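Asker: Following this message is one structure expressed as structure tokens.
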Amino acid sequence: MVVTTPSGQFKTSCPSSFFFSSQPRRLFRAKMASSSSPCASLSRNFSSRRNLHFHPSRNDPSISTTNISSSNLFRRPVSIEDPLPVICKRVRGYLWVHCLASVASVNQSNPTSSLPPLLIYNPDNFDYEDRKNTSTNPEHSLDLWRQESKRLNQNKLDENEKRRQLELKTSHGTEDSNKNSKGSPDGSYYVGQSFSGSSTCSPKLDTVEVNGQSRPICQPEVQNGRSGELISVNGRVNHKWKINSPLKENSNKDVHFNGSNRQHLETAEGNSASKGGAKFDGTQKPKAISTGHHKNLSRIYDEVVVVNNISDAQKVVGLLTTEYRDLVHACDTEVASIDVKKETPVNHGEIICFSIYSGETADYGNGKSCIWVDVLDGGGRELLMEFAPFFEDSSIKKVWHNYSFDSHVIENYGIKISGFHADTMHMARLWDSARRTEGGYSLEALTSDSRVMNEAQSCRNRELIGKISMKTIFGKKKLKRDGSEGKLTIIPPVEELQREEPILWTCYSALDSMSTLQLFESLQKKLEKMEWISNGKLEGSMFKFYEKYWRPFGELLVKLETEGMLVNCAYLAEIQKVATREQQIAADRFRKWAARYCPDAMHMNVGSDAQLRQLFFGGTLNSNDPNEALPLSRSFKVPNTDNVIEEGKKDPSKFRNITLCSLGVTMETEIYTASGWPSVSGDALKTLAGKVSSEYDWTDDEDISTDQKIKKEVDDSYGTAYEAFGREKEGKEACHAIAALCEVCSIDSLLSNFILPLQSNNISGKNGRIHCSLNINTETGRLSARRPNLQNQPALEKDRYKIRQAFIAAPGNSLIVADYGQLELRILAHLANCRSMKDAFKAGGDFHSRTAMNMYSHIREAVEKQEVLLEWHPQSSDDKSPVPLLKDAFGSERRKAKMLNFSIAYGKTPVGLARDWKVSVKEAKATVNLWYSDRKEVLYWQKERKEEANTIGSVKTLLGRTRSFPSLRGASNSHKGHIERAAINTPVQGSAADVAMCAMLEISKNARLRELGWKLLLQVHDEVILEGPAESAEVAKAIVVECMSKPFDGTNILSVDLAVDAKCAQNWYAAK
DNA sequence: ACTAAAAGCGCC
DNA sequence: AAAGGGCGCTTTTAGT
């Protein structure tokens, strides 16, 4: 897409989202590149970079259509109600906007004839003259657009309906409608909502693998590492480390999974027999196996019963459900057609095979003990369904490694798994929560660790204990051009392996379930040897803990994931428009200002830290190493937005260099990054800007009211940039400009972290519900959420676009959002048995005010004399308290008290507080002492925990989970400090997690809630969200509050009450 | 072309 | 000598 002016020259500053600007001034035309895309209904791309400049993408490989992974996309269906057919994606920071070709295309020879003018508007540059000259007008073309999208949408719906019908007829799979026949080269063809997930078994039509980047085999128990050496620089703590990320360490480092993993089941029902037969008819010999691994692995084959036809399946299922029904069975699936890094397994992924291992005593034929079922080619679905009686039998014990994933994938076939017995990943976490830095929790890492496996019972293949990674077995070094081996390891797609290397693949896959069972046995023994002390009482072994809590909890979490949260995508699309517009305005403000000092700043990427750092702090020394300094000016490669033709070149190149110099004044900063460079974080920028508005328009002073408002602002609301720029108008302008920059950054963050990804298809299943994965994978026992992380959605005050409003209840339903009040502080009061805190909680009311009162005698006196009130609950809107409230009269004291309440549980030091409060360390220390003076028990308890960590090397939570600190020995002092703070915090945070877990179990156990149809959807540490019929919302709310207040089998074992606040509403925002 | 590191930011 | 715990995710940039 090329953006031109009427004269044919390229223009910049054409924001992407100004479809309906209220004050358009110039119309930009879009020139349609002739497209060979099969999806002619889409235009080429409009592109805009993160700095929201439009630029032509003609010859730009970085934004060419071919290298865009479809998974980068978010798509919006063209609906009748919402006719803007926008398909955006982010590629290396650039926002792409696709528009319908019929609308966006333009006749090149006569540009005015066919371009609908509303495509993209820029309010600053709209040319009224131009508009007059065109025969089209925005209103008219909007109608055209609506008609066109309606028509297209209808076509797609019809097509989809046909397909669905077809799928209902054919019982499994569909014809490969692969990437060649669908979609444009970038995979960005139109997909309506109804397109995805229309059949659990069907190939996903809305995704196309472009680069084969995705990981085809799915064991998403592996995740990024986090932990390591702590370094801190100028008052900032940073975790600088590289710790074994199991994923990278074991399987994915330098591994390239070749080819598409988007292929799927073939139709060919008739092939079933021949294919299956050909594979394992006994005439085929294993391929020559050279490596030791392969040799060992192939021995597994003697243990494996290959099931690839119905009658064999019936035979083994018969054994599983009768003779061997009382054994513990380990199960594992292998799944294709899913990108586990980006997609939820709910309504995604296809099983190509699975294995069941019941221990060596089982005999499924010829003495073979492991079942391996081929469900890839032909008849696979029927074969899988034969196993439903086994999977669905609640009395048959099944063990999994990362149950969540396998459960979802199997449930995609309509099988409701029951009989969950254990998840070895959770057991391993319970046994040792510190493996993140010691190998992780992947099946491979666990089963290859003799410390984990030494309790496994001996088995015939003793030397084979342990999973072997795909990389080890199937990885091949990619050959370089000269024939030598490259660094990159290539692994073919799993379907290919299953077809091309059937024996090795069978062994690999069967080994997973065999390893899982052995791992289970070993971990069970280990947990049985661990004492379980809950709230000071010996309760038995930690395996009992597992059975009582984490087994049902693990199962519950899967249910939550399956439910998912309903998201209002139309709303998100709306706020996206608003956010993009506001970001654009702010970005323009900043850029115009910056260009006065450094012309090239007009074209800079305000999303680039390096460029900002150069602009503001060019020449500044590195605070770690005074021998290093930022250069005075530096050149950056930016996309050639303006198609500037550089010297000696004919055509404009894709990129060009801009030179950023510093602004010419010395900016002071106290905030540095870990590596010693000046920070350009939001905090740092806000220090420069001060608390001033970003609205200031310094280019024209016509807006008097704004001007007056500015004048009223006192000087001290300006930040440090005011002084740096000479304390005059220039200084003020600098502050306003930097404030605008802050706004750009924060809006950008909201957009790219929340608004855009929430609209993506790959994290939602059918029905527009988002299914994040909830993991028990933290050191403290808290949950974490991924894909997407629903636990960090913007909270009330900061949620300027009310993103939580997008999380809604289904029609006729309502949400209940219930959260604990000061859960961690209550836990601390209980654990430390702190009189003062417990009294304050017993008294109720505003805890922080009460803390302030207890800290400061003058406040206490004021309260006693009834000069101020601790709290006031107005009965009506004009009901005012007779005397001032404490939080108003003694605001700063209460703020300090509140800050301390939260900080002390985390182990914050006086130095840190002094920095936050901008007071001396001495003063901060005095305040901290004031806090402790009334809470000696807390001080003592914290000291105990530190000693416990130092002597025993571990601490415990309320319900008796242990967190150990293996890295304690040989730790540096700063590392030791970190461990001690963690030792203080873990019992608090971990016990709070225990309470939240119990509350969820209590809620899920509640028969009444179940009858009423209420279901848990999500947990955010001290908050749970449920959805159910609106008519029973109030009843359900009361039950939820009851469950949460008495979460331990209907009682509260704590010595403090648990305060619960609950609300019902249609969306998450309203319910808080 | 792919990856890792660094920086930053969202939540409780 | 530094100085708040626990997470997940995105982006840019540099290195291979």
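Naming works like this for the structure tokens: A, B, ... for the chains as they're shown, residue 1 at the start of each chain, ligands 1 onward in shown order.
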What's the 12 Å shell around DA14 (chain C), counting only C-alpha atoms (C1' of nucleotides), without same-chain residues fewer than 4 positions away, as a PyMOL selection string?

Answerer: chain B and resi 3-6

Asker: For the residues in that selection, give me N, CA, C and O atoms (P, O5', C5', C4', C3', O3' and C1' of nucleotides) as a PDB file, in the first residue's frame.

Answerer:
ATOM      1  P    DT B   3      13.865 -19.281  17.131  1.00  0.00           P
ATOM      2  O5'  DT B   3      14.954 -18.600  18.060  1.00  0.00           O
ATOM      3  C5'  DT B   3      16.287 -19.082  18.021  1.00  0.00           C
ATOM      4  C4'  DT B   3      17.121 -18.287  19.012  1.00  0.00           C
ATOM      5  C3'  DT B   3      16.405 -18.046  20.333  1.00  0.00           C
ATOM      6  O3'  DT B   3      17.193 -18.590  21.379  1.00  0.00           O
ATOM      7  C1'  DT B   3      17.256 -15.997  19.428  1.00  0.00           C
ATOM      8  P    DA B   4      16.759 -18.479  22.855  1.00  0.00           P
ATOM      9  O5'  DA B   4      17.630 -17.239  23.343  1.00  0.00           O
ATOM     10  C5'  DA B   4      19.025 -17.219  23.092  1.00  0.00           C
ATOM     11  C4'  DA B   4      19.604 -15.952  23.694  1.00  0.00           C
ATOM     12  C3'  DA B   4      19.145 -15.683  25.124  1.00  0.00           C
ATOM     13  O3'  DA B   4      20.259 -15.207  25.855  1.00  0.00           O
ATOM     14  C1'  DA B   4      18.472 -13.886  23.720  1.00  0.00           C
ATOM     15  P    DA B   5      20.152 -14.944  27.384  1.00  0.00           P
ATOM     16  O5'  DA B   5      20.219 -13.352  27.412  1.00  0.00           O
ATOM     17  C5'  DA B   5      21.283 -12.705  26.736  1.00  0.00           C
ATOM     18  C4'  DA B   5      21.029 -11.212  26.735  1.00  0.00           C
ATOM     19  C3'  DA B   5      20.629 -10.664  28.109  1.00  0.00           C
ATOM     20  O3'  DA B   5      21.449  -9.541  28.360  1.00  0.00           O
ATOM     21  C1'  DA B   5      19.044 -10.015  26.457  1.00  0.00           C
ATOM     22  P    DA B   6      21.490  -8.929  29.807  1.00  0.00           P
ATOM     23  O5'  DA B   6      20.640  -7.597  29.603  1.00  0.00           O
ATOM     24  C5'  DA B   6      20.973  -6.743  28.533  1.00  0.00           C
ATOM     25  C4'  DA B   6      19.892  -5.717  28.358  1.00  0.00           C
ATOM     26  C3'  DA B   6      19.398  -5.105  29.674  1.00  0.00           C
ATOM     27  O3'  DA B   6      19.519  -3.708  29.555  1.00  0.00           O
ATOM     28  C1'  DA B   6      17.573  -5.835  28.339  1.00  0.00           C
TER      29       DA B   6
END

Asker: How close does each residue of chain B get to chain A, giving the shortest atom pair and distance in Å to one decimal for every residue with an atom at most 7 Å away, counting only C-alpha atoms (C1' of nucleotides), sorted by chain and residue number, as a tab-separated table?

Answerer:
residue	atom	partner	partner_atom	distance
B:DG8	C1'	A:Ser681	CA	6.4
B:DG10	C1'	A:Asn792	CA	5.1
B:DC11	C1'	A:Asn792	CA	3.7
B:DC12	C1'	A:His1021	CA	6.1

Asker: Suppose we keep N, CA and C atoms (P, O5', C5', C4', C3', O3' and C1' of nucleotides); can you now write the selection as an mmCIF file, in the first residue's frame?

Answerer:
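Full text of out23.cif as output:
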data_model
loop_
_atom_site.group_PDB
_atom_site.id
_atom_site.type_symbol
_atom_site.label_atom_id
_atom_site.label_comp_id
_atom_site.auth_asym_id
_atom_site.auth_seq_id
_atom_site.Cartn_x
_atom_site.Cartn_y
_atom_site.Cartn_z
ATOM 1 P P DG B 8 14.268 1.137 31.540
ATOM 2 O "O5'" DG B 8 12.716 0.815 31.422
ATOM 3 C "C5'" DG B 8 12.081 0.928 30.157
ATOM 4 C "C4'" DG B 8 10.755 0.229 30.214
ATOM 5 C "C3'" DG B 8 9.948 0.517 31.483
ATOM 6 O "O3'" DG B 8 8.836 1.336 31.161
ATOM 7 C "C1'" DG B 8 9.829 -1.769 30.825
ATOM 8 P P DG B 10 1.960 0.418 33.730
ATOM 9 O "O5'" DG B 10 1.008 -0.788 34.134
ATOM 10 C "C5'" DG B 10 0.006 -1.214 33.226
ATOM 11 C "C4'" DG B 10 -0.383 -2.634 33.537
ATOM 12 C "C3'" DG B 10 -0.619 -2.927 35.011
ATOM 13 O "O3'" DG B 10 -1.936 -2.532 35.387
ATOM 14 C "C1'" DG B 10 0.665 -4.665 34.035
ATOM 15 P P DC B 11 -2.247 -2.175 36.863
ATOM 16 O "O5'" DC B 11 -2.375 -3.614 37.530
ATOM 17 C "C5'" DC B 11 -3.404 -4.488 37.094
ATOM 18 C "C4'" DC B 11 -3.215 -5.846 37.724
ATOM 19 C "C3'" DC B 11 -3.204 -5.822 39.243
ATOM 20 O "O3'" DC B 11 -4.526 -5.985 39.705
ATOM 21 C "C1'" DC B 11 -1.424 -7.197 38.408
ATOM 22 P P DC B 12 -4.895 -5.559 41.202
ATOM 23 O "O5'" DC B 12 -4.243 -6.719 42.068
ATOM 24 C "C5'" DC B 12 -4.793 -8.037 41.979
ATOM 25 C "C4'" DC B 12 -4.008 -8.967 42.891
ATOM 26 C "C3'" DC B 12 -4.077 -8.575 44.364
ATOM 27 O "O3'" DC B 12 -4.391 -9.720 45.136
ATOM 28 C "C1'" DC B 12 -1.822 -8.805 43.676
#

Asker: Please provide as a list of chain:residue names all residues within 9 Å of Gly912 (chain A), with the sequence filter that same-chain residues fewer than 2 positions apart are discarded (counting only C-alpha atoms (C1' of nucleotides)).

Answerer: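 Listed by chain and then number, they are A:Gly235, A:Lys908, A:Thr909, A:Pro910, A:Ala914, A:Arg915, A:Asp916, A:Trp917, A:Val921, A:Ala924, C:DA3, C:DG4.
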
Asker: I need the contact residues of chain A against chain C, so if you could list those with any atom within 9 Å, counting only C-alpha atoms (C1' of nucleotides), and return them as a ChimeraX atom specification, that would help.

Answerer: /A:92-93,231-233,235,237,607-610,749,752-753,778-780,782-789,791-792,903-912,973-974,977,981-982,984-986,989

Asker: Could you check how far CA of Ile352 (chain A) sits from CA of Ile310 (chain A), in Å to one decimal?

Answerer: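 Atom-to-atom, CA of Ile352 (chain A) to CA of Ile310 (chain A), that is 15.8 Å.
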
Asker: What is the CA of Ala434 (chain A) to CA of Glu980 (chain A) distance in Å?

Answerer: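 Interatomic distance here is 15.1 Å.
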
Asker: I'd like the interatomic distance between CA of Leu870 (chain A) and CA of Glu893 (chain A), to a tenth of an Å.

Answerer: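 Going from CA of Leu870 (chain A) over to CA of Glu893 (chain A), I get 13.0 Å.
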
Asker: Rank nothing, just name the residue among A:Glu937, A:Asn347, A:Ala1065, A:Leu615 nearest to Gly768 (chain A), using only C-alpha atoms.

Answerer: A:Asn347

Asker: Which residues, written as a PyMOL selection string, have at least one atom at most 10 Å from Glu582 (chain A), with only C-alpha atoms (C1' of nucleotides) counted and residues fewer than 4 positions away on the same chain left out?

Answerer: chain A and resi 17+576-578+586-588+743-744+747
